[in-house]
Every structure is written in C-alpha cells, then in structure tokens.
Amino acid sequence: MRIKAVIAYDGSAFEGFQRQTRTPRTVTTAFENALKRLGIESAITGSGRTDAGVHATGQVIHFDLPDYWHDLSKLQMHLNGQLEAIAVKHISSVPDNFHARFDAHKRIYRYLLSTTSPSVFERRYIAHVPALDIQKLQHALALFEGRHDFGYFRKSGSETKDDIRTIYQTRLRKIGKYYAIYFEANGFLRAQVRMMLSAAFEVSRGELTLEQLKEQLAMHHRYTTHLAPPEGLYLARVIYWHQHQGLKTKISKSLITL
C-alpha cells in the first residue's frame with residue numbers, strides 16, 4: 001500500500017533532506033531508519049529536496065507499506081514516537097502510482113526574516129537581513145514572477161531536464177516585527193529560492209540594480225551567486241492536482257495562513 005505523508009522538520013538538526021554518503025544526519029535517513037525500527041523496509045521519496053538548515057512545515061513524502069499494516073493512525077503515532085526533529089502531520093493511503101515529486105502541481109516556500117538581530121531562541125528559525133529597502137525589495141521580487149529559464153539562479157547538481165520554471169506569484173508581508181516572503185511556483189531548482197532571495201536583498205541594499213537583475217534573469221550575465229541564509233527558509237506547502245481542483249479560494253489568499 002502506498003502512503004502519502006505530510007511532514008514537518010527542524011532543518012537545523014539535519015544536513016539536508018536527501019540521503020548522503022558522508023553523513024547519516026539527513027531527513028531521509030532519519031525517517032527510513034524509523035520505518036525500519038517498525039519493520040518497514042521502504043525508501044521514501046520527497047516532493048523536493050531542502051538544503052542543510054532549511055526547514056519544512058509541509059513537506060510531502062511517499063513510501064510503501066507491507067500488506068499487514070492497516071492502521072494508519074497507529075503508524076503515525078509510532079513514527080512520531082520514533083522520530084526526533086521530524087513530525088508526521090498527516091498520513092493517508094494513495095493510489096500505487098502516486099509520486100510525491102512528479103505529481104506535485106505547486107510548491108510554496110516561505111522565508112521569515114528580521115531586520116534586527118534575532119534572539120538566541122530565534123537564530124535557527126529566523127534569518128537576519130539588516131538594512132532593507134522594502135520598496136526596492138518588492139520590485140526585485142516581482143521580477144521573478146512568470147515563466148523563466150532560471151539557469152543562472154541555481155547551484156550545480158540539479159537533476160532536471162531543463163531550468164525553466166514558472167513562479168506564479170511572490171508576496172511580501174509584515175508580520176509583527178518580522179517579514180515573510182512567499183514564492184509559489186510549479187517547481188524550484190537546487191538552491192533557487194535562496195539565490196533569488198539573496199539577489200533581491202542585494203537590490204534592496206543598492207549592491208545590485210534592477211537592470212542587472214533583469215540581465216541575470218534573462219541569462220545575459222551572471223552578477224551574483226550568493227545564497228540567502230538557510231535559517232529562515234521553510235518548505236511551507238505542496239499542492240497536488242486533486243487538491244488544486246477542489247480549492248474554493250485562491251492560493252494567494254491562503255498564503256497568509258501558511
């Protein structure tokens with residue numbers, strides 16, 4: 001039986017989502033080891049990879065259960081008892097051909113930042129980005145919307161056929177003393193969100209012009225390859241076609257609650 005699970009995790013506890021040969025400290029390894037302790041020999045597949053230090057509140061994975069497992073609520077309880085820094089938020093059975101990555105219709109990332117230094121309790125979860133010109137930042141973020149070749153906004157090693165992605169919308173919100181930036185797209189390349197954020201921050205600080213950002217987006221010239229700090233980045237939500245069909249409100253309205 002194929003299982004779809006929505007999980008959250010504290011990225012500061014891991015060296016990334018994907019399994020690695022150099023370290024066991026990955027989300028995939030931790031989850032698969034928890035499955036093994038329950039007698040379940042199955043690899044997991046995620047909707048996408050996250051870098052070291054990047055969090056998730058709505059990562060989606062799939063894995064396969066042996067025939068003798070039927071009580072999914074009991075499975076969720078046991079997994080949450082086995083896991084540290086990972087929580088299974090929801091679990092359900094899906095058709096055997098469901099694929100957490102290839103069936104995803106939209107992905108939403110959220111970036112939380114503060115222009116003042118975060119407290120000792122916030123440092124792993126809120127990025128410190130000082131001296132921002134919010135109006136310039138909004139203009140820079142808006143440039144990423146639409147269908148583009150993001151070949152100059154990714155790290156090497158992306159396992160993709162091409163670098164063309166569609167960003168449906170970006171959004172910047174003030175939430176108390178914090179700012180939240182949202183990217184909603186059909187998919188993202190490796191480190192693309194952090195590289196776009198860093199470029200937008202450079203525009204905000206006057207270190208990069210909007211014209212230069214446009215040139216890099218058009219793949220005429222690569223001006224920056226810096227990455228925004230990982231601490232504030234969260235994979236917030238993954239939307240599948242059946243979910244998309246049933247939505248009664250626009251995703252833009254729901255971003256506020258992510």
# chains A, B, ... in the order shown; residues from 1 in each chain; ligands from 1
call {"tool": "residues_around", "arguments": {"residues": "Val6 in chain A", "least_positions_apart": "5", "cutoff": "7 Å", "atoms": "only C-alpha atoms", "output": "list in words"}}
result
Gly58, Gln59, Val60, Ile61, Val88, Lys89, His90 and Ile91 of chain A
call {"tool": "write_last_selection", "arguments": {"atoms": "C-alpha atoms", "output": "PDB file, in the first residue's frame"}}
result
ATOM      1  CA  GLY A  58       4.517  20.944   4.692  1.00  0.00           C
ATOM      2  CA  GLN A  59       6.954  18.570   3.016  1.00  0.00           C
ATOM      3  CA  VAL A  60       5.216  15.629   1.319  1.00  0.00           C
ATOM      4  CA  ILE A  61       6.725  12.160   1.047  1.00  0.00           C
ATOM      5  CA  VAL A  88       4.253  13.376  10.803  1.00  0.00           C
ATOM      6  CA  LYS A  89       1.347  15.813  10.487  1.00  0.00           C
ATOM      7  CA  HIS A  90      -0.931  13.769   8.249  1.00  0.00           C
ATOM      8  CA  ILE A  91      -0.869  10.309   6.717  1.00  0.00           C
TER       9      ILE A  91
END
call {"tool": "residues_around", "arguments": {"residues": "His221 in chain A", "least_positions_apart": "6", "cutoff": "9 Å", "atoms": "only C-alpha atoms", "output": "list in words"}}
result
Tyr152, Gln212 and Glu215 of chain A
call {"tool": "write_last_selection", "arguments": {"atoms": "N, CA and C atoms", "output": "PDB file, in the first residue's frame"}}
result
ATOM      1  N   TYR A 152      20.668  30.685 -14.262  1.00  0.00           N
ATOM      2  CA  TYR A 152      21.625  31.495 -13.519  1.00  0.00           C
ATOM      3  C   TYR A 152      21.194  31.694 -12.069  1.00  0.00           C
ATOM      4  N   GLN A 212      20.430  44.981 -13.690  1.00  0.00           N
ATOM      5  CA  GLN A 212      21.361  43.860 -13.607  1.00  0.00           C
ATOM      6  C   GLN A 212      20.629  42.570 -13.245  1.00  0.00           C
ATOM      7  N   GLU A 215      19.033  41.328 -16.313  1.00  0.00           N
ATOM      8  CA  GLU A 215      20.023  40.710 -17.207  1.00  0.00           C
ATOM      9  C   GLU A 215      20.360  39.291 -16.765  1.00  0.00           C
TER      10      GLU A 215
END
call {"tool": "residues_around", "arguments": {"residues": "Lys174 in chain A", "least_positions_apart": "6", "cutoff": "12 Å", "atoms": "only C-alpha atoms", "output": "list in words"}}
result
Tyr111, Leu112, Leu113, Ser114, Thr115, Ile134, Ala180, Ile181, Tyr182 and Ile256 of chain A
call {"tool": "select_by_dssp", "arguments": {"residues": "range 20-250 of chain A", "states": "strand (DSSP E or B)", "output": "compact mmCIF listing (two decimals) with C-alpha atoms, in the first residue's frame"}}
result
# COMPACT_ATOMS: atom_id res chain seq x y z
CA THR A 45 10.54 9.94 -1.87
CA GLY A 46 10.03 13.64 -1.15
CA HIS A 55 13.01 23.72 7.46
CA ALA A 56 9.66 22.33 6.34
CA THR A 57 6.14 22.72 7.64
CA GLY A 58 4.52 20.94 4.69
CA GLN A 59 6.95 18.57 3.02
CA VAL A 60 5.22 15.63 1.32
CA ILE A 61 6.73 12.16 1.05
CA HIS A 62 5.56 8.79 -0.18
CA PHE A 63 6.59 5.29 0.81
CA ASP A 64 5.20 1.76 0.60
CA ILE A 86 10.53 15.41 12.47
CA ALA A 87 6.77 15.26 12.91
CA VAL A 88 4.25 13.38 10.80
CA LYS A 89 1.35 15.81 10.49
CA HIS A 90 -0.93 13.77 8.25
CA ILE A 91 -0.87 10.31 6.72
CA SER A 92 -3.13 8.66 4.15
CA SER A 93 -3.25 5.88 1.59
CA VAL A 94 -2.99 6.87 -2.07
CA ALA A 104 3.11 17.91 -7.35
CA HIS A 105 1.29 20.81 -9.02
CA LYS A 106 2.56 23.73 -6.96
CA ARG A 107 5.09 24.34 -4.22
CA ILE A 108 5.15 27.23 -1.78
CA TYR A 109 8.21 28.36 0.13
CA ARG A 110 8.14 30.86 2.98
CA TYR A 111 11.11 32.93 4.17
CA LEU A 112 10.99 34.54 7.60
CA LEU A 113 13.40 37.37 8.32
CA SER A 114 14.07 40.11 10.79
CA ALA A 127 17.07 34.95 9.13
CA HIS A 128 18.80 38.21 9.99
CA GLY A 146 6.35 34.40 -14.71
CA ARG A 147 7.99 31.70 -16.79
CA HIS A 148 11.78 31.99 -16.97
CA ASP A 149 14.90 29.98 -17.54
CA ILE A 164 12.58 26.55 -16.95
CA ARG A 165 10.19 27.15 -14.07
CA THR A 166 7.05 29.25 -13.59
CA ILE A 167 6.70 31.40 -10.50
CA TYR A 168 3.02 32.17 -10.15
CA GLN A 169 3.47 34.85 -7.54
CA THR A 170 5.74 36.34 -4.92
CA ARG A 171 4.47 38.04 -1.81
CA LEU A 172 6.00 40.13 0.97
CA ARG A 173 4.13 40.58 4.25
CA LYS A 174 4.90 42.33 7.51
CA ILE A 175 4.01 40.13 10.48
CA TYR A 178 9.13 40.06 11.13
CA TYR A 179 8.78 39.96 7.35
CA ALA A 180 7.57 36.90 5.45
CA ILE A 181 8.37 36.36 1.77
CA TYR A 182 6.44 33.74 -0.20
CA PHE A 183 7.30 32.07 -3.52
CA GLU A 184 4.62 29.99 -5.23
CA ALA A 185 5.79 28.03 -8.28
CA LEU A 233 13.52 29.22 4.75
CA TYR A 234 10.60 26.79 5.03
CA LEU A 235 9.00 24.45 2.51
CA ALA A 236 5.51 25.51 3.53
CA ARG A 237 3.12 23.63 1.30
CA VAL A 238 2.95 21.24 -1.65
CA ILE A 239 -0.24 21.20 -3.72
CA TYR A 240 -1.34 18.28 -5.85
call {"tool": "closest_residue", "arguments": {"among": "A:Arg154, A:Thr225, A:Leu137, A:Ala218", "to": "Ala200 in chain A", "atoms": "only C-alpha atoms"}}
result
A:Leu137
call {"tool": "select_by_dssp", "arguments": {"residues": "range 23-148 of chain A", "states": "alpha helix (DSSP H)", "output": "VMD selection string"}}
result
chain A and resid 27 to 37 72 to 82 134 to 143
call {"tool": "write_last_selection", "arguments": {"atoms": "N, CA and C atoms", "output": "mmCIF file, in the first residue's frame"}}
result
data_model
loop_
_atom_site.group_PDB
_atom_site.id
_atom_site.type_symbol
_atom_site.label_atom_id
_atom_site.label_comp_id
_atom_site.auth_asym_id
_atom_site.auth_seq_id
_atom_site.Cartn_x
_atom_site.Cartn_y
_atom_site.Cartn_z
ATOM 1 N N VAL A 27 17.182 14.079 6.679
ATOM 2 C CA VAL A 27 15.777 13.778 6.955
ATOM 3 C C VAL A 27 15.420 12.400 6.413
ATOM 4 N N THR A 28 15.863 12.101 5.195
ATOM 5 C CA THR A 28 15.561 10.818 4.577
ATOM 6 C C THR A 28 16.087 9.651 5.410
ATOM 7 N N THR A 29 17.348 9.721 5.822
ATOM 8 C CA THR A 29 17.936 8.644 6.605
ATOM 9 C C THR A 29 17.216 8.474 7.936
ATOM 10 N N ALA A 30 16.906 9.579 8.607
ATOM 11 C CA ALA A 30 16.219 9.507 9.896
ATOM 12 C C ALA A 30 14.848 8.865 9.745
ATOM 13 N N PHE A 31 14.124 9.235 8.694
ATOM 14 C CA PHE A 31 12.777 8.702 8.509
ATOM 15 C C PHE A 31 12.827 7.226 8.126
ATOM 16 N N GLU A 32 13.722 6.882 7.224
ATOM 17 C CA GLU A 32 13.818 5.474 6.804
ATOM 18 C C GLU A 32 14.269 4.579 7.955
ATOM 19 N N ASN A 33 15.140 5.087 8.817
ATOM 20 C CA ASN A 33 15.553 4.310 9.993
ATOM 21 C C ASN A 33 14.385 4.098 10.949
ATOM 22 N N ALA A 34 13.524 5.121 11.086
ATOM 23 C CA ALA A 34 12.336 4.968 11.926
ATOM 24 C C ALA A 34 11.403 3.913 11.344
ATOM 25 N N LEU A 35 11.259 3.900 10.020
ATOM 26 C CA LEU A 35 10.445 2.865 9.376
ATOM 27 C C LEU A 35 11.022 1.473 9.642
ATOM 28 N N LYS A 36 12.337 1.354 9.529
ATOM 29 C CA LYS A 36 12.978 0.053 9.741
ATOM 30 C C LYS A 36 12.741 -0.462 11.155
ATOM 31 N N ARG A 37 12.763 0.445 12.124
ATOM 32 C CA ARG A 37 12.529 0.025 13.507
ATOM 33 C C ARG A 37 11.106 -0.484 13.717
ATOM 34 N N LEU A 72 -3.424 3.228 9.994
ATOM 35 C CA LEU A 72 -2.531 4.354 9.697
ATOM 36 C C LEU A 72 -2.391 5.311 10.864
ATOM 37 N N SER A 73 -3.424 5.441 11.672
ATOM 38 C CA SER A 73 -3.311 6.313 12.841
ATOM 39 C C SER A 73 -2.295 5.747 13.828
ATOM 40 N N LYS A 74 -2.277 4.430 13.961
ATOM 41 C CA LYS A 74 -1.289 3.773 14.827
ATOM 42 C C LYS A 74 0.110 3.947 14.249
ATOM 43 N N LEU A 75 0.229 3.844 12.923
ATOM 44 C CA LEU A 75 1.526 4.042 12.273
ATOM 45 C C LEU A 75 2.032 5.460 12.520
ATOM 46 N N GLN A 76 1.159 6.440 12.363
ATOM 47 C CA GLN A 76 1.551 7.830 12.603
ATOM 48 C C GLN A 76 2.019 8.020 14.042
ATOM 49 N N MET A 77 1.300 7.425 14.998
ATOM 50 C CA MET A 77 1.673 7.544 16.398
ATOM 51 C C MET A 77 3.043 6.931 16.657
ATOM 52 N N HIS A 78 3.285 5.742 16.097
ATOM 53 C CA HIS A 78 4.571 5.079 16.301
ATOM 54 C C HIS A 78 5.711 5.848 15.645
ATOM 55 N N LEU A 79 5.475 6.356 14.453
ATOM 56 C CA LEU A 79 6.525 7.131 13.783
ATOM 57 C C LEU A 79 6.877 8.371 14.584
ATOM 58 N N ASN A 80 5.881 9.091 15.056
ATOM 59 C CA ASN A 80 6.157 10.295 15.842
ATOM 60 C C ASN A 80 6.863 9.965 17.148
ATOM 61 N N GLY A 81 6.643 8.744 17.650
ATOM 62 C CA GLY A 81 7.366 8.317 18.838
ATOM 63 C C GLY A 81 8.810 7.973 18.556
ATOM 64 N N GLN A 82 9.103 7.598 17.310
ATOM 65 C CA GLN A 82 10.452 7.213 16.915
ATOM 66 C C GLN A 82 11.302 8.398 16.457
ATOM 67 N N ILE A 134 12.376 48.188 1.674
ATOM 68 C CA ILE A 134 11.254 47.301 1.393
ATOM 69 C C ILE A 134 10.675 47.536 -0.002
ATOM 70 N N GLN A 135 10.587 48.789 -0.433
ATOM 71 C CA GLN A 135 10.031 49.066 -1.752
ATOM 72 C C GLN A 135 10.902 48.467 -2.848
ATOM 73 N N LYS A 136 12.211 48.637 -2.750
ATOM 74 C CA LYS A 136 13.129 48.031 -3.724
ATOM 75 C C LYS A 136 13.036 46.506 -3.688
ATOM 76 N N LEU A 137 12.892 45.962 -2.487
ATOM 77 C CA LEU A 137 12.787 44.520 -2.337
ATOM 78 C C LEU A 137 11.545 43.992 -3.053
ATOM 79 N N GLN A 138 10.439 44.681 -2.903
ATOM 80 C CA GLN A 138 9.206 44.263 -3.571
ATOM 81 C C GLN A 138 9.347 44.306 -5.086
ATOM 82 N N HIS A 139 9.995 45.348 -5.597
ATOM 83 C CA HIS A 139 10.210 45.452 -7.044
ATOM 84 C C HIS A 139 11.087 44.300 -7.547
ATOM 85 N N ALA A 140 12.120 43.960 -6.775
ATOM 86 C CA ALA A 140 13.017 42.885 -7.182
ATOM 87 C C ALA A 140 12.295 41.541 -7.175
ATOM 88 N N LEU A 141 11.516 41.288 -6.141
ATOM 89 C CA LEU A 141 10.794 40.015 -6.052
ATOM 90 C C LEU A 141 9.811 39.855 -7.205
ATOM 91 N N ALA A 142 9.164 40.950 -7.592
ATOM 92 C CA ALA A 142 8.165 40.891 -8.659
ATOM 93 C C ALA A 142 8.781 40.476 -9.994
ATOM 94 N N LEU A 143 10.076 40.769 -10.186
ATOM 95 C CA LEU A 143 10.723 40.415 -11.457
ATOM 96 C C LEU A 143 10.774 38.910 -11.679
#
call {"tool": "closest_residue", "arguments": {"among": "A:Ala52, A:Lys155, A:Ala228, A:Leu217", "to": "Phe188 in chain A", "atoms": "only C-alpha atoms"}}
result
A:Lys155
call {"tool": "atom_distance", "arguments": {"atom1": "CA of Pro66 in chain A", "atom2": "CA of Gly39 in chain A"}}
result
8.9 Å
call {"tool": "atom_distance", "arguments": {"atom1": "CA of Thr21 in chain A", "atom2": "CA of Gly48 in chain A"}}
result
18.6 Å
call {"tool": "atom_distance", "arguments": {"atom1": "CA of Asp67 in chain A", "atom2": "CA of Arg101 in chain A"}}
result
23.9 Å
call {"tool": "residues_around", "arguments": {"residues": "Ser156 in chain A", "least_positions_apart": "5", "cutoff": "10 Å", "atoms": "only C-alpha atoms", "output": "list in words"}}
result
Gly151, Leu189, Arg190 and Ala191 of chain A
call {"tool": "residues_around", "arguments": {"residues": "Thr224 in chain A", "least_positions_apart": "6", "cutoff": "9 Å", "atoms": "only C-alpha atoms", "output": "list in words"}}
result
Tyr152, Phe153, Met195, Ser198, Ala199, Glu202, Leu208, Leu213 and Gln216 of chain A
call {"tool": "write_last_selection", "arguments": {"atoms": "C-alpha atoms", "output": "short mmCIF file (atom, residue, chain, number, x, y, z; two decimals), in the first residue's frame"}}
result
data_model
loop_
_atom_site.label_atom_id
_atom_site.label_comp_id
_atom_site.auth_asym_id
_atom_site.auth_seq_id
_atom_site.Cartn_x
_atom_site.Cartn_y
_atom_site.Cartn_z
CA TYR A 152 21.62 31.50 -13.52
CA PHE A 153 19.73 31.04 -10.25
CA MET A 195 19.75 32.57 -4.66
CA SER A 198 19.99 36.93 -1.97
CA ALA A 199 19.80 38.78 -5.31
CA GLU A 202 21.33 42.92 -2.91
CA LEU A 208 22.73 45.23 -7.50
CA LEU A 213 18.85 41.51 -12.01
CA GLN A 216 20.79 37.76 -14.96
#
call {"tool": "decode", "arguments": {"residues": "range 188-235 of chain A", "atoms": "C-alpha atoms", "output": "PDB file, in the first residue's frame"}}
result
ATOM      1  CA  PHE A 188      12.291  25.048  -7.989  1.00  0.00           C
ATOM      2  CA  LEU A 189      15.868  24.247  -8.897  1.00  0.00           C
ATOM      3  CA  ARG A 190      18.571  23.440  -6.382  1.00  0.00           C
ATOM      4  CA  ALA A 191      19.055  26.450  -4.043  1.00  0.00           C
ATOM      5  CA  GLN A 192      16.997  28.602  -6.437  1.00  0.00           C
ATOM      6  CA  VAL A 193      14.906  30.220  -3.714  1.00  0.00           C
ATOM      7  CA  ARG A 194      17.928  31.177  -1.610  1.00  0.00           C
ATOM      8  CA  MET A 195      19.752  32.566  -4.660  1.00  0.00           C
ATOM      9  CA  MET A 196      16.734  34.635  -5.757  1.00  0.00           C
ATOM     10  CA  LEU A 197      16.340  35.957  -2.225  1.00  0.00           C
ATOM     11  CA  SER A 198      19.989  36.934  -1.974  1.00  0.00           C
ATOM     12  CA  ALA A 199      19.804  38.782  -5.311  1.00  0.00           C
ATOM     13  CA  ALA A 200      16.644  40.606  -4.179  1.00  0.00           C
ATOM     14  CA  PHE A 201      18.357  41.597  -0.918  1.00  0.00           C
ATOM     15  CA  GLU A 202      21.331  42.923  -2.905  1.00  0.00           C
ATOM     16  CA  VAL A 203      18.964  45.097  -4.963  1.00  0.00           C
ATOM     17  CA  SER A 204      17.386  46.330  -1.750  1.00  0.00           C
ATOM     18  CA  ARG A 205      20.799  47.330  -0.380  1.00  0.00           C
ATOM     19  CA  GLY A 206      21.887  49.022  -3.615  1.00  0.00           C
ATOM     20  CA  GLU A 207      24.548  46.391  -4.352  1.00  0.00           C
ATOM     21  CA  LEU A 208      22.729  45.230  -7.498  1.00  0.00           C
ATOM     22  CA  THR A 209      20.451  47.208  -9.816  1.00  0.00           C
ATOM     23  CA  LEU A 210      17.093  46.079 -11.115  1.00  0.00           C
ATOM     24  CA  GLU A 211      18.541  46.188 -14.632  1.00  0.00           C
ATOM     25  CA  GLN A 212      21.361  43.860 -13.607  1.00  0.00           C
ATOM     26  CA  LEU A 213      18.855  41.511 -12.008  1.00  0.00           C
ATOM     27  CA  LYS A 214      16.848  41.524 -15.244  1.00  0.00           C
ATOM     28  CA  GLU A 215      20.023  40.710 -17.207  1.00  0.00           C
ATOM     29  CA  GLN A 216      20.792  37.756 -14.961  1.00  0.00           C
ATOM     30  CA  LEU A 217      17.204  36.547 -15.188  1.00  0.00           C
ATOM     31  CA  ALA A 218      17.464  36.761 -18.994  1.00  0.00           C
ATOM     32  CA  MET A 219      20.749  34.794 -18.754  1.00  0.00           C
ATOM     33  CA  HIS A 220      22.753  37.592 -20.356  1.00  0.00           C
ATOM     34  CA  HIS A 221      25.178  37.997 -17.466  1.00  0.00           C
ATOM     35  CA  ARG A 222      25.604  36.404 -14.049  1.00  0.00           C
ATOM     36  CA  TYR A 223      26.216  39.077 -11.435  1.00  0.00           C
ATOM     37  CA  THR A 224      25.678  37.148  -8.204  1.00  0.00           C
ATOM     38  CA  THR A 225      25.668  33.566  -6.955  1.00  0.00           C
ATOM     39  CA  HIS A 226      25.273  34.292  -3.243  1.00  0.00           C
ATOM     40  CA  LEU A 227      22.741  32.393  -1.149  1.00  0.00           C
ATOM     41  CA  ALA A 228      20.433  33.846   1.480  1.00  0.00           C
ATOM     42  CA  PRO A 229      20.866  32.342   4.963  1.00  0.00           C
ATOM     43  CA  PRO A 230      19.048  28.994   5.229  1.00  0.00           C
ATOM     44  CA  GLU A 231      17.626  29.554   8.714  1.00  0.00           C
ATOM     45  CA  GLY A 232      14.559  31.499   7.608  1.00  0.00           C
ATOM     46  CA  LEU A 233      13.521  29.219   4.749  1.00  0.00           C
ATOM     47  CA  TYR A 234      10.601  26.787   5.030  1.00  0.00           C
ATOM     48  CA  LEU A 235       9.001  24.450   2.514  1.00  0.00           C
TER      49      LEU A 235
END
